[in-house]
Amino acid sequence: MKLSKRLSAIAPFQVMAILEKARALQAAGHDVIHLEVGEPDFATPQTIVDAGRAALAAGHTYYTAAQGLAELRQAIAGFYQSRFGVTVAPERIIVTPGASGALQIALSLLVDEGDGVLMADPTYPCNRHFVSLLGGVPQTVPVGAATRYQLLADELDANWQPNTVAAMVATPANPTGTVLSRDEITALAERCRAHDGALIVDEIYQGLTYGADSFSALQLADDAFVINSFSKYFQMTGWRLGWLVVPPAYVEPAIRLAQNLFLCPPAAAQHAALAAFQPAVLDVLESRRAEFGRRRDFLLQVLPTLGWRIDAVPDGAFYVYADVSAVTNDSFAYCQRILDEVNVAITPGADFGSNRAGSYVRVAYTTGIDRLAEAVARMKTVR
């Protein structure tokens, strides 16, 4: 039986091998500290959970419109207005099964066989994998500390090719946590227009910033394709709910794709998400964001004591991307050794690309400071 050739471009997550071993060690009674999974440790706020339960009890278990509940799209538009002062027509918002659904629609709207999409290396691996599944070409650009591991306008210009149709950036970014400035987003949008291409902006960690300017690319580039999610800031990972904002001309084809790819987003999750924008819930989320900030600050102080170098301060998300070349030239083996010897799970750089990947690890600060301190104390013993 034939297997699609496109699957050869889909690399496995090395972190899944780490996670599988970590869970096995935990099941065997070992005290494993998980710093590998990109998921908030905070439970979904109770008000959202209660709204989901109420929706199920009220019988909201049927298909919704493919574009998502009108009330939820209106609530998302209201959030853009109240938080960022930008007007987004609800008709331009497509509610999706997670941000992955939004990414799939955005790329399906833009990418034909052989088309290229520019993106940074390192970056979240699914970005390049979705391009490959569509028969496109991920055009990865090695980036480093000089640009805070971001693809900027000059790099976009230098790497734009005849088959390039779009550039994709993330702010805050995974795995680095770095944030693009307003001027950088504006310049990227201008260069994409000059090349008659599209700008895709991944904002799924929007809201989780620490001292950095918090804004949406929609304030600066109304023609951008903007992806967001209820998973990270709103802490609804398992509910599988995200959204995509498209330019007006792309609304009808985006809905057509949603109808065929997903039918609709999860109904109960949509009703639950209506509660996410309540002021009391936002207060809870802001207090948790402050806690993430304290964890980040703690790690920035203590990780260098391991011989690691952090050459781009993470302004957002909940990751530190650290250069470990002073202690290893094989970060995957290093992560395995740390897990085997001291039961701490972290992610090797190879999951995020090939640009000096063996020299980097990602640490997710998705556990409390006491546990982070314990993890660092343990890792100090690994040589």
# chains A, B, ... in the order shown; residues from 1 in each chain; ligands from 1

call {"tool": "residues_around", "arguments": {"residues": "Arg128 in chain A", "least_positions_apart": "3", "cutoff": "6 Å", "atoms": "only C-alpha atoms", "output": "list in words"}}
result
Pro125, Val131 and Pro138 of chain A

call {"tool": "residues_around", "arguments": {"residues": "Ala189 in chain A", "least_positions_apart": "3", "cutoff": "8 Å", "atoms": "only C-alpha atoms", "output": "PyMOL selection string"}}
result
chain A and resi 185-186+192-193+198-199+221+224

call {"tool": "write_last_selection", "arguments": {"atoms": "N, CA, C and O atoms", "output": "short mmCIF file (atom, residue, chain, number, x, y, z; two decimals), in the first residue's frame"}}
result
data_model
loop_
_atom_site.label_atom_id
_atom_site.label_comp_id
_atom_site.auth_asym_id
_atom_site.auth_seq_id
_atom_site.Cartn_x
_atom_site.Cartn_y
_atom_site.Cartn_z
N ILE A 185 7.01 44.89 12.32
CA ILE A 185 5.82 44.35 11.66
C ILE A 185 5.44 45.22 10.46
O ILE A 185 5.13 44.72 9.37
N THR A 186 5.48 46.53 10.65
CA THR A 186 5.14 47.45 9.56
C THR A 186 6.06 47.25 8.37
O THR A 186 5.62 47.19 7.21
N CYS A 192 6.32 42.59 2.04
CA CYS A 192 5.47 41.55 1.45
C CYS A 192 4.59 42.15 0.35
O CYS A 192 4.44 41.55 -0.73
N ARG A 193 4.04 43.34 0.58
CA ARG A 193 3.23 43.99 -0.46
C ARG A 193 4.08 44.29 -1.68
O ARG A 193 3.64 44.13 -2.84
N ALA A 198 1.97 37.67 0.71
CA ALA A 198 1.16 37.79 1.93
C ALA A 198 2.04 37.71 3.16
O ALA A 198 3.09 37.06 3.16
N LEU A 199 1.57 38.35 4.23
CA LEU A 199 2.21 38.24 5.54
C LEU A 199 1.28 37.47 6.46
O LEU A 199 0.12 37.85 6.65
N ALA A 221 -1.19 46.31 9.93
CA ALA A 221 -1.28 45.68 8.61
C ALA A 221 -2.64 45.00 8.49
O ALA A 221 -2.78 43.83 8.83
N ALA A 224 -2.90 41.61 6.69
CA ALA A 224 -2.19 40.42 7.18
C ALA A 224 -3.17 39.31 7.52
O ALA A 224 -4.35 39.56 7.84
#

call {"tool": "residues_around", "arguments": {"residues": "Phe230 in chain A", "least_positions_apart": "5", "cutoff": "10 Å", "atoms": "only C-alpha atoms", "output": "PyMOL selection string"}}
result
chain A and resi 98-99+204-205+235-243+269-270+273+276

call {"tool": "write_last_selection", "arguments": {"atoms": "N, CA and C atoms", "output": "PDB file, in the first residue's frame"}}
result
ATOM      1  N   GLY A  98      -8.443  24.822  17.124  1.00  0.00           N
ATOM      2  CA  GLY A  98      -7.079  25.151  17.499  1.00  0.00           C
ATOM      3  C   GLY A  98      -6.434  26.096  16.507  1.00  0.00           C
ATOM      4  N   ALA A  99      -5.274  26.640  16.912  1.00  0.00           N
ATOM      5  CA  ALA A  99      -4.518  27.484  15.983  1.00  0.00           C
ATOM      6  C   ALA A  99      -4.013  26.673  14.797  1.00  0.00           C
ATOM      7  N   ILE A 204      -0.304  33.429  18.621  1.00  0.00           N
ATOM      8  CA  ILE A 204      -0.986  32.554  19.579  1.00  0.00           C
ATOM      9  C   ILE A 204      -0.498  32.754  21.016  1.00  0.00           C
ATOM     10  N   TYR A 205       0.660  33.391  21.196  1.00  0.00           N
ATOM     11  CA  TYR A 205       1.120  33.713  22.556  1.00  0.00           C
ATOM     12  C   TYR A 205       0.828  35.174  22.916  1.00  0.00           C
ATOM     13  N   GLN A 235      -5.505  29.713  28.308  1.00  0.00           N
ATOM     14  CA  GLN A 235      -5.252  28.445  29.001  1.00  0.00           C
ATOM     15  C   GLN A 235      -6.362  27.402  28.772  1.00  0.00           C
ATOM     16  N   MET A 236      -6.671  27.227  27.477  1.00  0.00           N
ATOM     17  CA  MET A 236      -7.702  26.279  27.056  1.00  0.00           C
ATOM     18  C   MET A 236      -7.116  25.264  26.070  1.00  0.00           C
ATOM     19  N   THR A 237      -5.923  24.734  26.354  1.00  0.00           N
ATOM     20  CA  THR A 237      -5.238  23.904  25.354  1.00  0.00           C
ATOM     21  C   THR A 237      -6.092  22.730  24.873  1.00  0.00           C
ATOM     22  N   GLY A 238      -6.648  21.963  25.796  1.00  0.00           N
ATOM     23  CA  GLY A 238      -7.391  20.761  25.410  1.00  0.00           C
ATOM     24  C   GLY A 238      -8.751  21.018  24.801  1.00  0.00           C
ATOM     25  N   TRP A 239      -9.203  22.256  24.837  1.00  0.00           N
ATOM     26  CA  TRP A 239     -10.501  22.593  24.253  1.00  0.00           C
ATOM     27  C   TRP A 239     -10.422  22.718  22.735  1.00  0.00           C
ATOM     28  N   ARG A 240      -9.218  22.858  22.206  1.00  0.00           N
ATOM     29  CA  ARG A 240      -8.924  22.920  20.776  1.00  0.00           C
ATOM     30  C   ARG A 240      -9.734  23.992  20.065  1.00  0.00           C
ATOM     31  N   LEU A 241      -9.362  25.239  20.325  1.00  0.00           N
ATOM     32  CA  LEU A 241     -10.088  26.359  19.754  1.00  0.00           C
ATOM     33  C   LEU A 241      -9.121  27.502  19.433  1.00  0.00           C
ATOM     34  N   GLY A 242      -9.186  27.975  18.211  1.00  0.00           N
ATOM     35  CA  GLY A 242      -8.380  29.115  17.790  1.00  0.00           C
ATOM     36  C   GLY A 242      -9.174  29.971  16.826  1.00  0.00           C
ATOM     37  N   TRP A 243      -8.489  30.927  16.197  1.00  0.00           N
ATOM     38  CA  TRP A 243      -9.175  31.708  15.174  1.00  0.00           C
ATOM     39  C   TRP A 243      -8.175  32.288  14.193  1.00  0.00           C
ATOM     40  N   ALA A 269     -16.797  23.951  23.231  1.00  0.00           N
ATOM     41  CA  ALA A 269     -15.635  24.805  23.461  1.00  0.00           C
ATOM     42  C   ALA A 269     -15.931  26.246  23.063  1.00  0.00           C
ATOM     43  N   GLN A 270     -16.681  26.441  21.989  1.00  0.00           N
ATOM     44  CA  GLN A 270     -17.029  27.807  21.574  1.00  0.00           C
ATOM     45  C   GLN A 270     -17.895  28.499  22.624  1.00  0.00           C
ATOM     46  N   ALA A 273     -15.781  29.437  25.515  1.00  0.00           N
ATOM     47  CA  ALA A 273     -14.876  30.547  25.231  1.00  0.00           C
ATOM     48  C   ALA A 273     -15.567  31.900  25.304  1.00  0.00           C
ATOM     49  N   ALA A 276     -14.487  33.684  28.256  1.00  0.00           N
ATOM     50  CA  ALA A 276     -13.064  34.027  28.405  1.00  0.00           C
ATOM     51  C   ALA A 276     -12.824  35.525  28.456  1.00  0.00           C
TER      52      ALA A 276
END

call {"tool": "residues_around", "arguments": {"residues": "Gly353 in chain A", "least_positions_apart": "5", "cutoff": "10 Å", "atoms": "only C-alpha atoms", "output": "PyMOL selection string"}}
result
chain A and resi 120-125+128+140-142+358

call {"tool": "write_last_selection", "arguments": {"atoms": "N, CA and C atoms", "output": "compact mmCIF listing (two decimals), in the first residue's frame"}}
result
# COMPACT_ATOMS: atom_id res chain seq x y z
N ALA A 120 11.43 31.82 9.76
CA ALA A 120 12.70 31.78 10.49
C ALA A 120 13.08 30.34 10.81
N ASP A 121 14.36 30.13 10.99
CA ASP A 121 14.90 28.89 11.56
C ASP A 121 15.81 29.33 12.70
N PRO A 122 15.38 29.12 13.98
CA PRO A 122 14.36 28.18 14.46
C PRO A 122 12.94 28.73 14.41
N THR A 123 11.99 27.79 14.34
CA THR A 123 10.57 28.13 14.41
C THR A 123 9.79 26.90 14.85
N TYR A 124 8.52 27.12 15.14
CA TYR A 124 7.63 26.01 15.51
C TYR A 124 7.54 25.05 14.33
N PRO A 125 7.82 23.75 14.52
CA PRO A 125 7.96 22.83 13.38
C PRO A 125 6.73 22.67 12.52
N ARG A 128 6.46 24.70 9.09
CA ARG A 128 7.05 24.20 7.86
C ARG A 128 6.37 22.91 7.40
N THR A 140 13.25 28.23 4.81
CA THR A 140 13.70 28.62 6.15
C THR A 140 14.95 29.49 6.06
N VAL A 141 14.95 30.53 6.88
CA VAL A 141 16.05 31.49 6.90
C VAL A 141 16.76 31.40 8.24
N PRO A 142 18.04 31.01 8.27
CA PRO A 142 18.74 30.95 9.55
C PRO A 142 18.81 32.33 10.19
N GLY A 358 21.94 21.66 17.34
CA GLY A 358 22.62 20.87 18.36
C GLY A 358 23.20 21.69 19.48

call {"tool": "closest_residue", "arguments": {"among": "A:Ala280, A:Ala187, A:Leu306, A:Ala11", "to": "Ala350 in chain A", "atoms": "only C-alpha atoms"}}
result
A:Ala11

call {"tool": "select_by_dssp", "arguments": {"residues": "range 119-327 of chain A", "states": "strand (DSSP E or B)", "output": "PyMOL selection string"}}
result
chain A and resi 119-121+137-142+164-170+198-202+209+225-229+242-245+309+316+319-323

call {"tool": "write_last_selection", "arguments": {"atoms": "N, CA and C atoms", "output": "compact mmCIF listing (two decimals), in the first residue's frame"}}
result
# COMPACT_ATOMS: atom_id res chain seq x y z
N MET A 119 10.17 31.60 6.41
CA MET A 119 10.00 31.56 7.86
C MET A 119 11.38 31.45 8.50
N ALA A 120 11.43 31.82 9.76
CA ALA A 120 12.70 31.78 10.49
C ALA A 120 13.08 30.34 10.81
N ASP A 121 14.36 30.13 10.99
CA ASP A 121 14.90 28.89 11.56
C ASP A 121 15.81 29.33 12.70
N VAL A 137 6.96 24.74 -0.42
CA VAL A 137 8.37 24.64 -0.04
C VAL A 137 8.62 25.56 1.17
N PRO A 138 8.92 24.99 2.33
CA PRO A 138 9.31 25.86 3.46
C PRO A 138 10.68 26.47 3.17
N GLN A 139 10.72 27.78 3.09
CA GLN A 139 11.97 28.48 2.79
C GLN A 139 12.49 29.06 4.11
N THR A 140 13.25 28.23 4.81
CA THR A 140 13.70 28.62 6.15
C THR A 140 14.95 29.49 6.06
N VAL A 141 14.95 30.53 6.88
CA VAL A 141 16.05 31.49 6.90
C VAL A 141 16.76 31.40 8.24
N PRO A 142 18.04 31.01 8.27
CA PRO A 142 18.74 30.95 9.55
C PRO A 142 18.81 32.33 10.19
N THR A 164 8.26 32.43 -4.04
CA THR A 164 7.77 32.77 -2.71
C THR A 164 6.43 33.49 -2.81
N VAL A 165 5.47 33.07 -1.99
CA VAL A 165 4.15 33.69 -2.01
C VAL A 165 3.80 34.34 -0.67
N ALA A 166 4.54 34.01 0.38
CA ALA A 166 4.20 34.53 1.71
C ALA A 166 5.40 34.43 2.63
N ALA A 167 5.36 35.24 3.68
CA ALA A 167 6.30 35.13 4.79
C ALA A 167 5.49 34.93 6.05
N MET A 168 6.01 34.09 6.93
CA MET A 168 5.31 33.81 8.18
C MET A 168 6.23 34.12 9.35
N VAL A 169 5.70 34.91 10.30
CA VAL A 169 6.45 35.25 11.50
C VAL A 169 5.57 34.97 12.72
N ALA A 170 6.21 34.91 13.88
CA ALA A 170 5.49 34.67 15.12
C ALA A 170 5.95 35.67 16.17
N ALA A 198 1.97 37.67 0.71
CA ALA A 198 1.16 37.79 1.93
C ALA A 198 2.04 37.71 3.16
N LEU A 199 1.57 38.35 4.23
CA LEU A 199 2.21 38.24 5.54
C LEU A 199 1.28 37.47 6.46
N ILE A 200 1.80 36.38 7.04
CA ILE A 200 1.07 35.58 8.02
C ILE A 200 1.73 35.83 9.37
N VAL A 201 0.92 36.22 10.36
CA VAL A 201 1.47 36.53 11.68
C VAL A 201 0.82 35.59 12.70
N ASP A 202 1.65 34.80 13.33
CA ASP A 202 1.23 33.88 14.40
C ASP A 202 1.27 34.65 15.72
N THR A 209 3.18 38.60 27.49
CA THR A 209 4.40 39.38 27.33
C THR A 209 4.77 40.00 28.67
N PHE A 225 -2.69 38.08 7.46
CA PHE A 225 -3.43 36.92 7.94
C PHE A 225 -2.94 36.67 9.37
N VAL A 226 -3.82 36.81 10.35
CA VAL A 226 -3.41 36.76 11.75
C VAL A 226 -4.04 35.54 12.42
N ILE A 227 -3.18 34.72 13.02
CA ILE A 227 -3.59 33.49 13.70
C ILE A 227 -3.54 33.71 15.20
N ASN A 228 -4.56 33.25 15.90
CA ASN A 228 -4.55 33.33 17.37
C ASN A 228 -5.23 32.08 17.93
N SER A 229 -5.26 32.00 19.25
CA SER A 229 -5.70 30.76 19.89
C SER A 229 -6.22 31.05 21.29
N GLY A 242 -9.19 27.97 18.21
CA GLY A 242 -8.38 29.11 17.79
C GLY A 242 -9.17 29.97 16.83
N TRP A 243 -8.49 30.93 16.20
CA TRP A 243 -9.17 31.71 15.17
C TRP A 243 -8.18 32.29 14.19
N LEU A 244 -8.71 32.69 13.04
CA LEU A 244 -7.93 33.29 11.97
C LEU A 244 -8.66 34.54 11.52
N VAL A 245 -7.92 35.64 11.39
CA VAL A 245 -8.47 36.86 10.80
C VAL A 245 -7.90 36.98 9.39
N ARG A 309 24.09 30.04 27.73
CA ARG A 309 24.04 31.45 27.38
C ARG A 309 22.68 31.79 26.79
N GLY A 316 8.22 37.26 25.78
CA GLY A 316 6.88 36.71 25.86
C GLY A 316 6.88 35.20 25.78
N TYR A 319 8.91 30.41 27.29
CA TYR A 319 10.09 29.62 26.94
C TYR A 319 11.36 30.45 27.09
N VAL A 320 12.44 29.74 27.41
CA VAL A 320 13.79 30.28 27.28
C VAL A 320 14.53 29.40 26.29
N TYR A 321 15.11 30.01 25.26
CA TYR A 321 15.90 29.28 24.27
C TYR A 321 17.35 29.57 24.58
N ALA A 322 18.07 28.54 25.01
CA ALA A 322 19.40 28.75 25.56
C ALA A 322 20.47 28.06 24.71
N ASP A 323 21.57 28.75 24.52
CA ASP A 323 22.74 28.21 23.83
C ASP A 323 23.55 27.39 24.83

call {"tool": "closest_residue", "arguments": {"among": "A:Thr347, A:Gln67, A:Gln150, A:Ser354", "to": "Ala22 in chain A", "atoms": "only C-alpha atoms"}}
result
A:Thr347

call {"tool": "residues_around", "arguments": {"residues": "Arg289 in chain A", "least_positions_apart": "6", "cutoff": "10 Å", "atoms": "only C-alpha atoms", "output": "ChimeraX atom specification"}}
result
/A:207-210,233,283,295,316-318

call {"tool": "write_last_selection", "arguments": {"atoms": "all heavy atoms", "output": "short mmCIF file (atom, residue, chain, number, x, y, z; two decimals), in the first residue's frame"}}
result
data_model
loop_
_atom_site.label_atom_id
_atom_site.label_comp_id
_atom_site.auth_asym_id
_atom_site.auth_seq_id
_atom_site.Cartn_x
_atom_site.Cartn_y
_atom_site.Cartn_z
N GLY A 207 -0.58 38.36 24.46
CA GLY A 207 -1.07 38.53 25.83
C GLY A 207 -0.05 38.08 26.86
O GLY A 207 -0.01 38.60 27.97
N LEU A 208 0.77 37.10 26.49
CA LEU A 208 1.80 36.60 27.40
C LEU A 208 3.11 37.33 27.09
O LEU A 208 4.03 36.78 26.48
CB LEU A 208 1.97 35.08 27.27
CG LEU A 208 0.80 34.25 27.79
CD1 LEU A 208 1.02 32.78 27.50
CD2 LEU A 208 0.58 34.48 29.28
N THR A 209 3.18 38.60 27.49
CA THR A 209 4.40 39.38 27.33
C THR A 209 4.77 40.00 28.67
O THR A 209 3.92 40.19 29.54
CB THR A 209 4.24 40.49 26.27
OG1 THR A 209 3.11 41.31 26.62
CG2 THR A 209 4.04 39.89 24.89
N TYR A 210 6.06 40.31 28.82
CA TYR A 210 6.60 40.74 30.10
C TYR A 210 7.44 41.99 29.89
O TYR A 210 8.64 41.92 29.63
CB TYR A 210 7.42 39.61 30.74
CG TYR A 210 6.72 38.28 30.55
CD1 TYR A 210 7.21 37.35 29.63
CD2 TYR A 210 5.55 37.99 31.24
CE1 TYR A 210 6.54 36.15 29.43
CE2 TYR A 210 4.88 36.79 31.04
CZ TYR A 210 5.38 35.88 30.13
OH TYR A 210 4.71 34.70 29.91
N TYR A 233 -2.70 32.11 26.26
CA TYR A 233 -3.09 33.15 27.21
C TYR A 233 -4.36 32.76 27.96
O TYR A 233 -4.45 32.94 29.18
CB TYR A 233 -3.29 34.48 26.47
CG TYR A 233 -3.76 35.61 27.36
CD1 TYR A 233 -2.90 36.18 28.30
CD2 TYR A 233 -5.05 36.11 27.26
CE1 TYR A 233 -3.33 37.21 29.12
CE2 TYR A 233 -5.49 37.15 28.07
CZ TYR A 233 -4.63 37.69 29.00
OH TYR A 233 -5.04 38.71 29.82
N ASP A 283 -8.92 39.21 34.67
CA ASP A 283 -8.13 39.51 35.87
C ASP A 283 -7.33 38.28 36.31
O ASP A 283 -6.16 38.39 36.70
CB ASP A 283 -9.04 39.97 37.01
CG ASP A 283 -9.57 41.39 36.81
OD1 ASP A 283 -9.02 42.11 35.95
OD2 ASP A 283 -10.54 41.75 37.50
N ARG A 295 8.61 33.76 36.82
CA ARG A 295 9.35 32.54 36.48
C ARG A 295 10.43 32.83 35.43
O ARG A 295 11.56 32.34 35.54
CB ARG A 295 8.39 31.47 35.95
CG ARG A 295 7.36 30.99 36.95
CD ARG A 295 6.37 30.06 36.27
NE ARG A 295 5.31 29.63 37.16
CZ ARG A 295 4.33 28.80 36.81
NH1 ARG A 295 4.31 28.32 35.57
NH2 ARG A 295 3.40 28.46 37.67
N GLY A 316 8.22 37.26 25.78
CA GLY A 316 6.88 36.71 25.86
C GLY A 316 6.88 35.20 25.78
O GLY A 316 7.92 34.55 25.84
N ALA A 317 5.66 34.64 25.62
CA ALA A 317 5.43 33.19 25.66
C ALA A 317 5.86 32.66 27.03
O ALA A 317 5.83 33.38 28.03
CB ALA A 317 6.12 32.48 24.51
N PHE A 318 6.29 31.39 27.10
CA PHE A 318 6.80 30.86 28.38
C PHE A 318 7.97 29.91 28.13
O PHE A 318 8.03 28.80 28.64
CB PHE A 318 5.70 30.17 29.20
CG PHE A 318 4.64 29.45 28.42
CD1 PHE A 318 4.93 28.30 27.71
CD2 PHE A 318 3.35 29.93 28.40
CE1 PHE A 318 3.95 27.63 27.00
CE2 PHE A 318 2.34 29.26 27.69
CZ PHE A 318 2.65 28.12 27.00
#

call {"tool": "atom_distance", "arguments": {"atom1": "CA of Ala106 in chain A", "atom2": "CA of Thr61 in chain A"}}
result
27.0 Å

call {"tool": "select_by_dssp", "arguments": {"residues": "range 128-299 of chain A", "states": "alpha helix (DSSP H)", "output": "ChimeraX atom specification"}}
result
/A:128-133,153-159,182-194,251-261,267-273,279-299

call {"tool": "closest_residue", "arguments": {"among": "A:Thr87, A:Gln14, A:Thr96, A:Gln81", "to": "Ala258 in chain A", "atoms": "only C-alpha atoms"}}
result
A:Thr96

call {"tool": "atom_distance", "arguments": {"atom1": "CA of Asp222 in chain A", "atom2": "CA of Gln104 in chain A"}}
result
20.2 Å

call {"tool": "closest_atom_pairs", "arguments": {"of": "range 223-299 of chain A", "to": "range 53-56 of chain A", "cutoff": "8 Å", "atoms": "only C-alpha atoms", "output": "Markdown table"}}
result
| residue | atom | partner | partner_atom | distance |
| --- | --- | --- | --- | --- |
| A:Ala268 | CA | A:Ala55 | CA | 5.8 |
| A:His271 | CA | A:Ala55 | CA | 6.2 |
| A:Ala272 | CA | A:Ala55 | CA | 7.2 |

call {"tool": "write_last_selection", "arguments": {"atoms": "N, CA and C atoms", "output": "compact mmCIF listing (two decimals), in the first residue's frame"}}
result
# COMPACT_ATOMS: atom_id res chain seq x y z
N ALA A 268 -19.17 22.94 22.16
CA ALA A 268 -19.11 23.24 23.60
C ALA A 268 -17.93 24.16 23.91
N HIS A 271 -18.89 27.78 23.13
CA HIS A 271 -19.75 28.38 24.16
C HIS A 271 -18.95 28.68 25.43
N ALA A 272 -18.01 27.79 25.76
CA ALA A 272 -17.16 28.03 26.94
C ALA A 272 -16.31 29.28 26.73

call {"tool": "residues_around", "arguments": {"residues": "Ser8 in chain A", "least_positions_apart": "5", "cutoff": "10 Å", "atoms": "only C-alpha atoms", "output": "list in words"}}
result
Leu3, Ser132 and Leu133 of chain A

call {"tool": "write_last_selection", "arguments": {"atoms": "C-alpha atoms", "output": "compact mmCIF listing (two decimals), in the first residue's frame"}}
result
# COMPACT_ATOMS: atom_id res chain seq x y z
CA LEU A 3 2.40 6.06 1.49
CA SER A 132 5.12 20.68 2.93
CA LEU A 133 1.78 18.87 3.22
